[in-house]
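See below for input26.cif, which holds mmCIF, C-alpha atoms.
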data_coords
loop_
_atom_site.group_PDB
_atom_site.id
_atom_site.type_symbol
_atom_site.label_atom_id
_atom_site.label_comp_id
_atom_site.auth_asym_id
_atom_site.auth_seq_id
_atom_site.Cartn_x
_atom_site.Cartn_y
_atom_site.Cartn_z
ATOM 1 C CA MET X 1 -52.702 -187.926 -25.807
ATOM 2 C CA SER X 2 -51.117 -186.279 -28.840
ATOM 3 C CA ALA X 3 -51.279 -189.100 -31.414
ATOM 4 C CA ALA X 4 -54.157 -188.712 -33.876
ATOM 5 C CA ILE X 5 -56.646 -191.539 -33.980
ATOM 6 C CA ALA X 6 -57.413 -193.345 -37.227
ATOM 7 C CA TRP X 7 -61.153 -193.489 -36.658
ATOM 8 C CA ASP X 8 -61.672 -195.470 -39.869
ATOM 9 C CA ALA X 9 -59.925 -198.373 -38.142
ATOM 10 C CA PHE X 10 -62.913 -198.784 -35.803
ATOM 11 C CA ASP X 11 -66.349 -200.305 -36.477
ATOM 12 C CA LEU X 12 -67.634 -200.022 -32.912
ATOM 13 C CA ILE X 13 -67.227 -197.144 -30.461
ATOM 14 C CA VAL X 14 -68.310 -198.031 -26.939
ATOM 15 C CA PHE X 15 -68.981 -195.303 -24.393
ATOM 16 C CA ASP X 16 -69.244 -195.603 -20.658
ATOM 17 C CA MET X 17 -72.218 -193.606 -19.303
ATOM 18 C CA ASP X 18 -71.658 -192.074 -15.842
ATOM 19 C CA GLY X 19 -68.830 -189.565 -15.751
ATOM 20 C CA THR X 20 -68.204 -189.932 -19.474
ATOM 21 C CA LEU X 21 -71.366 -188.739 -21.217
ATOM 22 C CA TYR X 22 -72.176 -186.322 -18.382
ATOM 23 C CA ASP X 23 -70.262 -184.616 -15.618
ATOM 24 C CA GLN X 24 -70.834 -186.778 -12.582
ATOM 25 C CA ARG X 25 -69.260 -184.416 -10.062
ATOM 26 C CA SER X 26 -71.531 -181.466 -10.747
ATOM 27 C CA LEU X 27 -74.553 -183.775 -10.820
ATOM 28 C CA ARG X 28 -73.506 -185.255 -7.474
ATOM 29 C CA TRP X 29 -73.701 -181.835 -5.828
ATOM 30 C CA ARG X 30 -77.220 -181.344 -7.213
ATOM 31 C CA MET X 31 -78.254 -184.790 -5.976
ATOM 32 C CA ALA X 32 -76.618 -184.145 -2.588
ATOM 33 C CA ARG X 33 -78.788 -181.047 -2.225
ATOM 34 C CA LEU X 34 -81.918 -183.026 -3.057
ATOM 35 C CA LEU X 35 -80.988 -185.765 -0.600
ATOM 36 C CA MET X 36 -80.162 -183.223 2.084
ATOM 37 C CA GLY X 37 -83.553 -181.585 1.568
ATOM 38 C CA ASP X 38 -85.195 -184.988 1.838
ATOM 39 C CA ALA X 39 -83.282 -185.749 5.054
ATOM 40 C CA ILE X 40 -84.329 -182.448 6.620
ATOM 41 C CA ARG X 41 -87.960 -182.864 5.512
ATOM 42 C CA THR X 42 -88.305 -186.474 6.657
ATOM 43 C CA ARG X 43 -85.949 -186.072 9.634
ATOM 44 C CA SER X 44 -84.278 -189.238 8.498
ATOM 45 C CA LEU X 45 -80.909 -190.085 6.997
ATOM 46 C CA ALA X 46 -82.186 -193.481 5.875
ATOM 47 C CA ALA X 47 -82.058 -192.762 2.127
ATOM 48 C CA VAL X 48 -78.550 -191.315 2.090
ATOM 49 C CA ARG X 49 -77.280 -194.095 4.407
ATOM 50 C CA THR X 50 -78.795 -196.762 2.171
ATOM 51 C CA LEU X 51 -77.335 -195.209 -0.981
ATOM 52 C CA SER X 52 -73.929 -194.835 0.627
ATOM 53 C CA ALA X 53 -73.929 -198.502 1.702
ATOM 54 C CA TYR X 54 -75.200 -199.586 -1.729
ATOM 55 C CA ARG X 55 -72.404 -197.728 -3.527
ATOM 56 C CA ARG X 56 -69.807 -199.337 -1.265
ATOM 57 C CA GLN X 57 -71.344 -202.740 -1.907
ATOM 58 C CA ARG X 58 -71.223 -202.230 -5.691
ATOM 59 C CA GLU X 59 -67.647 -200.972 -5.545
ATOM 60 C CA THR X 60 -66.606 -204.000 -3.500
ATOM 61 C CA MET X 61 -68.380 -206.300 -5.947
ATOM 62 C CA GLY X 62 -66.616 -204.654 -8.880
ATOM 63 C CA SER X 63 -63.279 -205.337 -7.215
ATOM 64 C CA GLY X 64 -63.941 -209.040 -6.731
ATOM 65 C CA MET X 65 -65.930 -211.889 -8.185
ATOM 66 C CA THR X 66 -69.526 -212.005 -7.010
ATOM 67 C CA VAL X 67 -71.514 -214.916 -8.351
ATOM 68 C CA ASP X 68 -74.995 -213.412 -8.233
ATOM 69 C CA PHE X 69 -74.388 -209.695 -8.133
ATOM 70 C CA VAL X 70 -77.831 -208.808 -9.540
ATOM 71 C CA SER X 71 -79.583 -209.798 -6.311
ATOM 72 C CA GLU X 72 -76.566 -209.548 -3.984
ATOM 73 C CA GLN X 73 -76.134 -205.837 -4.687
ATOM 74 C CA TYR X 74 -79.375 -205.125 -2.783
ATOM 75 C CA ARG X 75 -78.496 -207.301 0.223
ATOM 76 C CA LEU X 76 -77.196 -204.755 2.727
ATOM 77 C CA ALA X 77 -76.820 -205.464 6.433
ATOM 78 C CA GLY X 78 -79.946 -204.558 8.378
ATOM 79 C CA ARG X 79 -81.936 -203.508 5.316
ATOM 80 C CA CYS X 80 -84.743 -205.129 3.363
ATOM 81 C CA PRO X 81 -83.576 -205.819 -0.242
ATOM 82 C CA ASP X 82 -86.878 -204.563 -1.689
ATOM 83 C CA ALA X 83 -86.543 -201.278 0.197
ATOM 84 C CA VAL X 84 -82.934 -200.916 -0.971
ATOM 85 C CA ARG X 85 -84.018 -201.586 -4.554
ATOM 86 C CA ALA X 86 -86.777 -198.953 -4.268
ATOM 87 C CA THR X 87 -84.406 -196.346 -2.797
ATOM 88 C CA VAL X 88 -81.816 -197.005 -5.500
ATOM 89 C CA ALA X 89 -84.456 -196.804 -8.239
ATOM 90 C CA GLU X 90 -85.742 -193.508 -6.927
ATOM 91 C CA TRP X 91 -82.479 -191.729 -6.166
ATOM 92 C CA MET X 92 -80.055 -193.221 -8.662
ATOM 93 C CA GLU X 93 -82.332 -193.872 -11.617
ATOM 94 C CA ARG X 94 -85.420 -191.616 -11.615
ATOM 95 C CA ARG X 95 -84.499 -188.422 -9.755
ATOM 96 C CA PRO X 96 -81.286 -187.625 -11.666
ATOM 97 C CA LEU X 97 -82.990 -187.870 -15.081
ATOM 98 C CA PRO X 98 -84.359 -184.309 -15.319
ATOM 99 C CA LEU X 99 -80.951 -182.957 -14.243
ATOM 100 C CA LEU X 100 -78.799 -184.897 -16.679
ATOM 101 C CA ARG X 101 -79.167 -182.734 -19.787
ATOM 102 C CA ARG X 102 -77.558 -179.667 -18.242
ATOM 103 C CA HIS X 103 -74.557 -181.742 -17.106
ATOM 104 C CA ARG X 104 -73.984 -183.330 -20.531
ATOM 105 C CA THR X 105 -70.321 -183.480 -21.559
ATOM 106 C CA PRO X 106 -69.616 -180.746 -24.131
ATOM 107 C CA GLY X 107 -69.490 -181.989 -27.710
ATOM 108 C CA VAL X 108 -71.047 -185.397 -27.049
ATOM 109 C CA ASP X 109 -74.176 -184.833 -29.166
ATOM 110 C CA GLY X 110 -72.144 -183.855 -32.225
ATOM 111 C CA LEU X 111 -69.751 -186.744 -31.727
ATOM 112 C CA PHE X 112 -72.567 -189.307 -31.423
ATOM 113 C CA ALA X 113 -74.130 -187.963 -34.613
ATOM 114 C CA LYS X 114 -70.817 -188.044 -36.530
ATOM 115 C CA LEU X 115 -69.747 -191.476 -35.334
ATOM 116 C CA GLY X 116 -73.186 -192.993 -35.794
ATOM 117 C CA ARG X 117 -73.229 -192.325 -39.536
ATOM 118 C CA ARG X 118 -70.586 -194.906 -40.398
ATOM 119 C CA ARG X 119 -70.123 -197.164 -37.407
ATOM 120 C CA ALA X 120 -71.937 -198.627 -34.435
ATOM 121 C CA VAL X 121 -72.141 -196.478 -31.314
ATOM 122 C CA ALA X 122 -72.786 -198.354 -28.071
ATOM 123 C CA VAL X 123 -73.032 -197.696 -24.339
ATOM 124 C CA PHE X 124 -71.565 -200.097 -21.786
ATOM 125 C CA SER X 125 -72.551 -199.087 -18.264
ATOM 126 C CA ASP X 126 -72.740 -200.637 -14.816
ATOM 127 C CA TYR X 127 -76.255 -199.137 -14.584
ATOM 128 C CA LYS X 128 -79.188 -199.211 -17.008
ATOM 129 C CA ALA X 129 -78.435 -196.690 -19.721
ATOM 130 C CA GLU X 130 -81.535 -196.303 -21.915
ATOM 131 C CA ASP X 131 -83.425 -193.730 -19.806
ATOM 132 C CA LYS X 132 -80.277 -191.723 -19.138
ATOM 133 C CA LEU X 133 -79.423 -191.688 -22.846
ATOM 134 C CA ALA X 134 -82.902 -190.395 -23.663
ATOM 135 C CA ALA X 135 -82.612 -187.752 -20.915
ATOM 136 C CA LEU X 136 -79.281 -186.673 -22.390
ATOM 137 C CA GLY X 137 -80.877 -186.372 -25.835
ATOM 138 C CA LEU X 138 -78.628 -189.093 -27.260
ATOM 139 C CA SER X 139 -79.264 -192.390 -28.970
ATOM 140 C CA ALA X 140 -77.009 -195.406 -29.425
ATOM 141 C CA HIS X 141 -77.257 -198.468 -31.646
ATOM 142 C CA LEU X 142 -76.580 -200.816 -28.726
ATOM 143 C CA THR X 143 -76.610 -200.594 -24.941
ATOM 144 C CA VAL X 144 -75.622 -203.098 -22.292
ATOM 145 C CA ALA X 145 -75.720 -202.848 -18.497
ATOM 146 C CA ALA X 146 -74.005 -204.950 -15.842
ATOM 147 C CA GLU X 147 -77.335 -206.545 -14.963
ATOM 148 C CA ASP X 148 -77.746 -207.748 -18.565
ATOM 149 C CA VAL X 149 -74.556 -209.794 -18.429
ATOM 150 C CA GLY X 150 -74.409 -210.487 -14.681
ATOM 151 C CA ARG X 151 -70.976 -208.895 -14.298
ATOM 152 C CA LEU X 152 -69.743 -205.485 -13.149
ATOM 153 C CA LYS X 153 -66.804 -203.684 -14.743
ATOM 154 C CA PRO X 154 -63.903 -204.279 -14.945
ATOM 155 C CA ASP X 155 -65.230 -207.636 -16.113
ATOM 156 C CA PRO X 156 -65.311 -207.251 -19.905
ATOM 157 C CA ALA X 157 -68.460 -209.389 -20.388
ATOM 158 C CA GLY X 158 -70.549 -206.412 -21.552
ATOM 159 C CA LEU X 159 -67.869 -205.289 -23.966
ATOM 160 C CA LEU X 160 -67.551 -208.791 -25.425
ATOM 161 C CA TRP X 161 -71.342 -208.972 -25.794
ATOM 162 C CA LEU X 162 -71.387 -205.663 -27.677
ATOM 163 C CA MET X 163 -68.637 -206.825 -30.038
ATOM 164 C CA ALA X 164 -70.581 -209.987 -30.766
ATOM 165 C CA GLN X 165 -73.751 -207.992 -31.444
ATOM 166 C CA ALA X 166 -71.888 -205.602 -33.735
ATOM 167 C CA ASN X 167 -70.140 -208.539 -35.391
ATOM 168 C CA THR X 168 -66.712 -206.991 -34.973
ATOM 169 C CA THR X 169 -63.369 -207.690 -33.317
ATOM 170 C CA ALA X 170 -61.432 -206.219 -30.406
ATOM 171 C CA GLU X 171 -58.969 -204.596 -32.832
ATOM 172 C CA ARG X 172 -61.807 -202.661 -34.483
ATOM 173 C CA THR X 173 -63.410 -201.565 -31.211
ATOM 174 C CA MET X 174 -62.712 -198.446 -29.141
ATOM 175 C CA MET X 175 -63.818 -197.963 -25.522
ATOM 176 C CA ILE X 176 -64.244 -194.441 -24.123
ATOM 177 C CA GLY X 177 -64.685 -194.103 -20.355
ATOM 178 C CA ASP X 178 -63.700 -192.084 -17.315
ATOM 179 C CA ARG X 179 -62.249 -194.652 -14.919
ATOM 180 C CA ASP X 180 -59.044 -196.429 -15.745
ATOM 181 C CA ASP X 181 -59.623 -198.978 -12.977
ATOM 182 C CA ARG X 182 -63.032 -199.904 -14.429
ATOM 183 C CA ASP X 183 -63.399 -198.865 -18.088
ATOM 184 C CA GLY X 184 -59.686 -199.023 -18.838
ATOM 185 C CA GLU X 185 -59.265 -202.402 -17.186
ATOM 186 C CA ALA X 186 -62.345 -203.865 -18.921
ATOM 187 C CA ALA X 187 -60.964 -202.682 -22.260
ATOM 188 C CA ARG X 188 -57.521 -204.129 -21.585
ATOM 189 C CA ARG X 189 -59.016 -207.490 -20.604
ATOM 190 C CA ALA X 190 -60.977 -207.501 -23.858
ATOM 191 C CA GLY X 191 -57.968 -206.372 -25.911
ATOM 192 C CA VAL X 192 -59.709 -203.135 -26.870
ATOM 193 C CA ARG X 193 -58.128 -199.697 -27.222
ATOM 194 C CA VAL X 194 -59.328 -197.198 -24.619
ATOM 195 C CA LEU X 195 -59.531 -193.444 -24.101
ATOM 196 C CA ILE X 196 -60.031 -192.129 -20.573
ATOM 197 C CA ARG X 197 -61.768 -188.806 -19.978
ATOM 198 C CA GLY X 198 -59.699 -186.565 -17.718
ATOM 199 C CA ARG X 199 -56.496 -188.350 -18.693
ATOM 200 C CA ASP X 200 -56.557 -188.529 -22.508
ATOM 201 C CA PHE X 201 -59.096 -185.792 -23.198
ATOM 202 C CA ARG X 202 -61.234 -183.292 -21.319
ATOM 203 C CA ASP X 203 -64.436 -183.289 -23.335
ATOM 204 C CA PHE X 204 -65.659 -184.300 -26.791
ATOM 205 C CA ASN X 205 -64.624 -181.005 -28.390
ATOM 206 C CA ASP X 206 -61.023 -182.178 -27.918
ATOM 207 C CA PRO X 207 -58.947 -182.261 -31.145
ATOM 208 C CA LEU X 208 -58.770 -186.055 -30.688
ATOM 209 C CA PHE X 209 -62.340 -186.264 -31.943
ATOM 210 C CA GLN X 210 -62.012 -183.705 -34.716
ATOM 211 C CA HIS X 211 -61.647 -186.309 -37.462
ATOM 212 C CA ALA X 212 -64.136 -188.796 -36.080
ATOM 213 C CA CYS X 213 -66.690 -189.216 -38.825
ATOM 214 C CA MET I 1 -57.786 -172.280 20.616
ATOM 215 C CA PRO I 2 -60.138 -170.381 18.339
ATOM 216 C CA ALA I 3 -62.952 -172.053 16.431
ATOM 217 C CA ASP I 4 -61.818 -173.111 12.953
ATOM 218 C CA PHE I 5 -64.341 -173.663 10.157
ATOM 219 C CA ALA I 6 -62.329 -175.963 7.863
ATOM 220 C CA ALA I 7 -60.981 -177.982 10.798
ATOM 221 C CA THR I 8 -64.532 -178.366 12.126
ATOM 222 C CA VAL I 9 -65.781 -179.644 8.769
ATOM 223 C CA ARG I 10 -62.908 -182.145 8.634
ATOM 224 C CA ALA I 11 -63.587 -183.242 12.216
ATOM 225 C CA LEU I 12 -67.297 -183.706 11.467
ATOM 226 C CA ALA I 13 -66.511 -185.715 8.333
ATOM 227 C CA GLU I 14 -64.101 -187.900 10.326
ATOM 228 C CA THR I 15 -66.762 -188.444 12.987
ATOM 229 C CA VAL I 16 -69.402 -189.395 10.402
ATOM 230 C CA ALA I 17 -66.953 -191.728 8.603
ATOM 231 C CA LEU I 18 -66.024 -193.395 11.889
ATOM 232 C CA ARG I 19 -69.641 -193.855 12.944
ATOM 233 C CA GLU I 20 -70.904 -195.070 9.569
ATOM 234 C CA GLN I 21 -67.961 -197.039 8.250
ATOM 235 C CA GLY I 22 -65.691 -197.738 11.223
ATOM 236 C CA ALA I 23 -61.940 -197.468 10.850
ATOM 237 C CA SER I 24 -62.141 -198.076 7.080
ATOM 238 C CA GLY I 25 -64.024 -194.818 6.455
ATOM 239 C CA ARG I 26 -62.161 -192.429 4.130
ATOM 240 C CA SER I 27 -63.002 -189.050 5.574
ATOM 241 C CA GLU I 28 -60.692 -186.974 3.322
ATOM 242 C CA ALA I 29 -62.987 -187.350 0.320
ATOM 243 C CA ALA I 30 -66.006 -186.557 2.492
ATOM 244 C CA SER I 31 -64.525 -183.400 4.006
ATOM 245 C CA ARG I 32 -63.359 -182.264 0.543
ATOM 246 C CA PHE I 33 -66.865 -182.814 -0.804
ATOM 247 C CA VAL I 34 -68.450 -180.882 2.081
ATOM 248 C CA LEU I 35 -66.017 -177.963 1.729
ATOM 249 C CA ASP I 36 -66.549 -177.885 -2.068
ATOM 250 C CA SER I 37 -70.299 -178.008 -1.520
ATOM 251 C CA PHE I 38 -70.080 -175.135 0.950
ATOM 252 C CA ALA I 39 -68.048 -173.099 -1.555
ATOM 253 C CA GLY I 40 -70.695 -173.780 -4.211
ATOM 254 C CA MET I 41 -73.607 -172.669 -2.046
ATOM 255 C CA PRO I 42 -75.441 -169.376 -2.689
ATOM 256 C CA ALA I 43 -73.545 -166.470 -1.096
ATOM 257 C CA TYR I 44 -76.426 -165.560 1.228
ATOM 258 C CA LEU I 45 -76.403 -169.021 2.837
ATOM 259 C CA ARG I 46 -72.695 -169.225 3.577
ATOM 260 C CA PRO I 47 -72.354 -166.651 6.433
ATOM 261 C CA PRO I 48 -75.145 -168.093 8.639
ATOM 262 C CA LEU I 49 -73.945 -171.623 8.018
ATOM 263 C CA ARG I 50 -70.368 -170.661 8.806
ATOM 264 C CA ALA I 51 -71.511 -168.897 12.001
ATOM 265 C CA ALA I 52 -73.554 -171.917 13.099
ATOM 266 C CA THR I 53 -70.590 -174.205 12.382
ATOM 267 C CA LEU I 54 -68.234 -172.017 14.408
ATOM 268 C CA LEU I 55 -70.754 -171.983 17.262
ATOM 269 C CA PHE I 56 -70.872 -175.775 17.098
ATOM 270 C CA ASP I 57 -67.060 -175.888 17.185
ATOM 271 C CA ALA I 58 -66.862 -173.486 20.124
ATOM 272 C CA TRP I 59 -69.640 -175.221 22.094
ATOM 273 C CA PRO I 60 -67.406 -177.531 24.208
ATOM 274 C CA ILE I 61 -64.807 -174.862 25.032
ATOM 275 C CA VAL I 62 -66.478 -173.857 28.318
ATOM 276 C CA ARG I 63 -66.734 -177.389 29.701
ATOM 277 C CA ARG I 64 -63.917 -179.220 27.900
ATOM 278 C CA ARG I 65 -61.582 -176.280 27.302
ATOM 279 C CA ARG I 66 -61.219 -177.391 23.695
ATOM 280 C CA PRO I 67 -63.173 -176.720 20.504
ATOM 281 C CA PHE I 68 -64.957 -179.619 18.832
ATOM 282 C CA HIS I 69 -62.216 -180.190 16.276
ATOM 283 C CA ARG I 70 -59.671 -180.781 19.069
ATOM 284 C CA LEU I 71 -61.787 -183.269 20.999
ATOM 285 C CA PRO I 72 -60.983 -186.998 20.975
ATOM 286 C CA PRO I 73 -63.184 -189.081 18.603
ATOM 287 C CA ALA I 74 -65.548 -190.416 21.295
ATOM 288 C CA GLU I 75 -66.308 -186.931 22.620
ATOM 289 C CA ARG I 76 -66.802 -185.596 19.105
ATOM 290 C CA LEU I 77 -69.319 -188.348 18.453
ATOM 291 C CA ARG I 78 -71.155 -187.547 21.697
ATOM 292 C CA GLN I 79 -71.446 -183.874 20.786
ATOM 293 C CA MET I 80 -72.530 -184.608 17.204
ATOM 294 C CA GLU I 81 -75.208 -187.015 18.375
ATOM 295 C CA SER I 82 -76.472 -184.657 21.073
ATOM 296 C CA TRP I 83 -76.911 -181.916 18.454
ATOM 297 C CA GLU I 84 -78.531 -184.449 16.108
ATOM 298 C CA ALA I 85 -81.159 -185.147 18.780
ATOM 299 C CA SER I 86 -81.426 -181.551 19.976
ATOM 300 C CA PRO I 87 -84.894 -180.054 20.597
ATOM 301 C CA ILE I 88 -83.641 -176.984 18.717
ATOM 302 C CA GLY I 89 -84.531 -177.368 15.045
ATOM 303 C CA ALA I 90 -81.585 -175.300 13.779
ATOM 304 C CA ALA I 91 -79.112 -177.548 15.611
ATOM 305 C CA ARG I 92 -80.699 -180.676 14.134
ATOM 306 C CA MET I 93 -80.682 -179.128 10.658
ATOM 307 C CA LEU I 94 -77.021 -178.205 10.948
ATOM 308 C CA MET I 95 -76.168 -181.808 11.787
ATOM 309 C CA THR I 96 -78.406 -183.145 9.008
ATOM 310 C CA PHE I 97 -76.593 -180.841 6.587
ATOM 311 C CA TYR I 98 -73.140 -182.069 7.569
ATOM 312 C CA ILE I 99 -73.992 -185.728 8.059
ATOM 313 C CA SER I 100 -75.887 -186.103 4.780
ATOM 314 C CA LEU I 101 -73.177 -184.299 2.786
ATOM 315 C CA SER I 102 -70.434 -186.289 4.522
ATOM 316 C CA LEU I 103 -72.245 -189.551 3.777
ATOM 317 C CA PHE I 104 -72.625 -188.488 0.170
ATOM 318 C CA GLY I 105 -68.940 -187.569 0.067
ATOM 319 C CA LEU I 106 -68.075 -191.049 1.314
ATOM 320 C CA TRP I 107 -69.489 -192.572 -1.887
ATOM 321 C CA PRO I 108 -66.550 -194.375 -3.401
ATOM 322 C CA ASP I 109 -66.326 -192.818 -6.852
ATOM 323 C CA GLU I 110 -63.585 -190.282 -6.331
ATOM 324 C CA ASP I 111 -60.255 -190.417 -8.138
ATOM 325 C CA PRO I 112 -61.837 -191.905 -11.262
ATOM 326 C CA HIS I 113 -58.685 -191.996 -13.319
ATOM 327 C CA GLY I 114 -56.918 -194.318 -10.974
#
Rendering of file as structure tokens:
Amino acid sequence: MSAAIAWDAFDLIVFDMDGTLYDQRSLRWRMARLLMGDAIRTRSLAAVRTLSAYRRQRETMGSGMTVDFVSEQYRLAGRCPDAVRATVAEWMERRPLPLLRRHRTPGVDGLFAKLGRRRAVAVFSDYKAEDKLAALGLSAHLTVAAEDVGRLKPDPAGLLWLMAQANTTAERTMMIGDRDDRDGEAARRAGVRVLIRGRDFRDFNDPLFQHAC
Amino acid sequence: MPADFAATVRALAETVALREQGASGRSEAASRFVLDSFAGMPAYLRPPLRAATLLFDAWPIVRRRRPFHRLPPAERLRQMESWEASPIGAARMLMTFYISLSLFGLWPDEDPHG
């Protein structure tokens, strides 16, 4: 994207978390190693099977309309929902935390600091963001997760909630994510401008963000 | 019909995808993830793992006259599951390595930019 961005035109900058604020691919390899070690130690593929099925379930839910996704996401065939919830909490929420900092997207700390001086910085994620933000050494004025609004991306409910909290409009809001089919689509449905990592910029040292202050 | 490392990894990923997700399993992403993971492993681990993989691929040649990666899906599954349940720890570990990485590679968050 070559056109410069008039950052003064925005009151609210909303970031996606996974894949945007940190490099998800390199983290995945680290997590795969941990899971593989667990499978060898316990002689069981139960955790990786459960996580694989859970991710498919969430992806399917994001593609359609699920009425009660908060509890439905843990209902996997042949598995106890409480056990699924525990496995997800351990492997997708707790275990990645100590690894996140080293996979942080270059330039994100400086950008958060610059943007946060004059406008609201928010995180809109399908997963709880507070602990990950802290692990990344970042702080945001507002955060919202899919569970808070009962809708997964690309439903724009979280984005609309953030705009209401920041008391601003779609025209004065910018969404920054990594998936056009999720973040991009949510932004379009909300009438919000969007930047997609990997398509519009590589990291936050990109010239696009040079004048963001 | 020599043993072929990359073809064996692809065949294993296809077998895992078929067993875990049926016909809808997307094995390309899984085999790419496994091959990338292998490339990112410490150098000292790669040769023994490659040798074990090639041994696994060559295993059915005597009886079936074909390496694993040329077997039909049902026979591939039989061989994978027999190694998974093998009394030999190294054989079980090799299968755990490939099956867990393949399952991880089947997570549907590839191609993020649509």
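Between chain I and the candidates X:Glu59, X:Asp131, X:Asp155, X:Asp82, the tightest atom-to-atom separation, counting only C-alpha atoms, involves X:Glu59.
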Legend entry - Closest of X:Thr50, X:Gly191, X:Phe15, X:Ala86 to chain I - atom-to-atom distances counting only C-alpha atoms: X:Thr50
What are the nearest atom pairs, with distances in Å to one decimal, for all residues of segment 184-209 of chain X that come at most 10 Å from segment 100-120 of chain X, using only C-alpha atoms, set out by chain and rising residue number as a Markdown table?
| residue | atom | partner | partner_atom | distance |
| --- | --- | --- | --- | --- |
| X:Arg202 | CA | X:Thr105 | CA | 9.1 |
| X:Asp203 | CA | X:Pro106 | CA | 5.8 |
| X:Phe204 | CA | X:Gly107 | CA | 4.6 |
| X:Asn205 | CA | X:Gly107 | CA | 5.0 |
| X:Asp206 | CA | X:Gly107 | CA | 8.5 |
| X:Phe209 | CA | X:Leu111 | CA | 7.4 |
Legend entry - Contact set, chain I to chain X: 12 Å, all atoms listed in the file, as number ranges by chain: I: 16-17, 19-21, 24-26, 30, 33-41, 84-85, 89-114
Legend entry - Straight-line distance linking atom CA of Leu12 of chain X with atom CA of Glu93 of chain X, stated in Å to one decimal: 26.6 Å
Working from the structure I just supplied, which lacks atoms in segment 55-67 of chain I, can you model N, CA and C atoms there and output them as a CSV table (one decimal), in the frame of the given file?
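Contents of result05.csv, freshly written:
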chain,number,residue,atom,x,y,z
I,55,LEU,N,-70.1,-171.8,15.9
I,55,LEU,CA,-70.8,-172.0,17.3
I,55,LEU,C,-70.7,-173.4,17.7
I,56,PHE,N,-71.0,-174.3,16.8
I,56,PHE,CA,-70.9,-175.8,17.1
I,56,PHE,C,-69.5,-176.1,17.5
I,57,ASP,N,-68.5,-175.6,16.8
I,57,ASP,CA,-67.1,-175.9,17.2
I,57,ASP,C,-66.7,-175.3,18.6
I,58,ALA,N,-67.2,-174.1,18.8
I,58,ALA,CA,-66.9,-173.5,20.1
I,58,ALA,C,-67.6,-174.1,21.3
I,59,TRP,N,-68.7,-174.8,21.0
I,59,TRP,CA,-69.6,-175.2,22.1
I,59,TRP,C,-68.9,-175.9,23.3
I,60,PRO,N,-68.0,-176.8,23.1
I,60,PRO,CA,-67.4,-177.5,24.2
I,60,PRO,C,-66.3,-176.8,24.9
I,61,ILE,N,-66.0,-175.6,24.5
I,61,ILE,CA,-64.8,-174.9,25.0
I,61,ILE,C,-65.0,-174.6,26.5
I,62,VAL,N,-66.2,-174.2,26.9
I,62,VAL,CA,-66.5,-173.9,28.3
I,62,VAL,C,-66.3,-175.1,29.2
I,63,ARG,N,-66.8,-176.2,28.8
I,63,ARG,CA,-66.7,-177.4,29.7
I,63,ARG,C,-65.5,-178.2,29.5
I,64,ARG,N,-65.1,-178.3,28.2
I,64,ARG,CA,-63.9,-179.2,27.9
I,64,ARG,C,-62.6,-178.5,27.7
I,65,ARG,N,-62.7,-177.1,27.6
I,65,ARG,CA,-61.6,-176.3,27.3
I,65,ARG,C,-60.9,-176.5,25.9
I,66,ARG,N,-61.7,-177.1,25.1
I,66,ARG,CA,-61.2,-177.4,23.7
I,66,ARG,C,-62.4,-177.2,22.7
I,67,PRO,N,-62.1,-176.7,21.5
I,67,PRO,CA,-63.2,-176.7,20.5
I,67,PRO,C,-63.4,-178.1,20.0
